[in-house]
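Visitor: Pasting a structure here, questions to come.
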Amino acid sequence: MAGYERPEPALRSSRESDPEVEFQIDAFVIGLGETVDSLQDAEAAGRLALLRDLSESLIHRARELGYESLSDAARQVAEACGDPNPEATRKAVESFTELSKRARRGHRSAAP
């Protein structure tokens, strides 16, 4: 089928079988939509200090919960806040957004 792109694979936590963080992972993934909205709103408004703060807190939280690629994407957002080109920030937020969609698809709450 022409023009059809396979979606990227679902993203799963490396700690998904750890009962000590199960509820924390649930809350994190369920809240990703709101998290992404906050990042996008801050980026669109040019509030780079807020965007940096939000993404820096995500770096540690995502890594702690076994989402290393989300953590890396959050780090890229934080770093892009220092780039004079606003396109760098926009692209970094887009990248985090796409990864968060994959994390939500990989979560046990996602429809089979």
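Letters A, B, ... go to the chains of the structure tokens in the order shown; residues in each chain start at 1; ligands are counted from 1 in the same order.
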Find the residues around A:Leu32 up to 8 Å (only C-alpha atoms counted), leave out those fewer than 4 positions away in its own chain, and share them as a ChimeraX atom specification.

Guide: /A:28,36,100,104

Visitor: Quick one: write out the picked residues with all heavy atoms as a compact mmCIF listing (two decimals), in the first residue's frame?

Guide:
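This went into out03.txt:
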```txt
# COMPACT_ATOMS: atom_id res chain seq x y z
N PHE A 28 2.27 7.58 35.83
CA PHE A 28 3.13 8.31 34.90
C PHE A 28 2.58 8.22 33.47
O PHE A 28 2.43 9.24 32.79
CB PHE A 28 4.56 7.76 34.97
CG PHE A 28 5.52 8.40 34.01
CD1 PHE A 28 6.04 9.65 34.28
CD2 PHE A 28 5.92 7.74 32.87
CE1 PHE A 28 6.95 10.25 33.41
CE2 PHE A 28 6.82 8.32 31.99
CZ PHE A 28 7.33 9.57 32.26
N VAL A 36 2.45 16.10 28.12
CA VAL A 36 2.75 16.57 26.76
C VAL A 36 2.05 17.91 26.51
O VAL A 36 2.66 18.83 25.94
CB VAL A 36 2.34 15.52 25.71
CG1 VAL A 36 2.33 16.10 24.30
CG2 VAL A 36 3.29 14.32 25.77
N SER A 100 6.02 9.57 23.72
CA SER A 100 5.00 9.39 24.75
C SER A 100 3.81 8.62 24.20
O SER A 100 3.20 7.81 24.91
CB SER A 100 4.56 10.73 25.33
OG SER A 100 3.77 11.45 24.42
N ARG A 104 2.38 5.12 25.74
CA ARG A 104 0.98 4.88 26.07
C ARG A 104 0.47 3.63 25.36
O ARG A 104 -0.31 2.87 25.94
CB ARG A 104 0.15 6.12 25.75
CG ARG A 104 0.47 7.20 26.76
CD ARG A 104 -0.09 8.56 26.53
NE ARG A 104 -1.37 8.69 25.90
CZ ARG A 104 -1.76 9.78 25.27
NH1 ARG A 104 -0.95 10.82 25.18
NH2 ARG A 104 -2.94 9.86 24.73
```

Visitor: Running DSSP on the backbone, which parts of stretch 1-95 of chain A land in alpha helix (DSSP H), as a PyMOL selection string?

Guide: chain A and resi 22-30+32-44+48-64+68-80+86-95

Visitor: So that I can see what lies close to A:Gln76, please list as a count of residues only the residues with an atom at most 10 Å from it, counting only C-alpha atoms and leaving out residues fewer than 6 positions away in the same chain.

Guide: 12

Visitor: So, with only C-alpha atoms as the atoms that count, which of A:Thr35, A:Gln24, A:Thr97, A:Gln40 lies closest to A:Ser69?

Guide: A:Thr97

Visitor: So that I can check the surroundings of A:Ala44, please list as a list in words every protein, DNA and RNA residue that reaches within 12 Å of it, counting only C-alpha atoms and ignoring chain neighbours fewer than 2 positions away.

Guide: Asp37, Ser38, Leu39, Gln40, Asp41, Ala42, Gly46, Arg47, Leu48, Leu50, Leu51, Pro86, Glu87, Thr89, Arg90, Lys91, Val93 and Glu94 of chain A
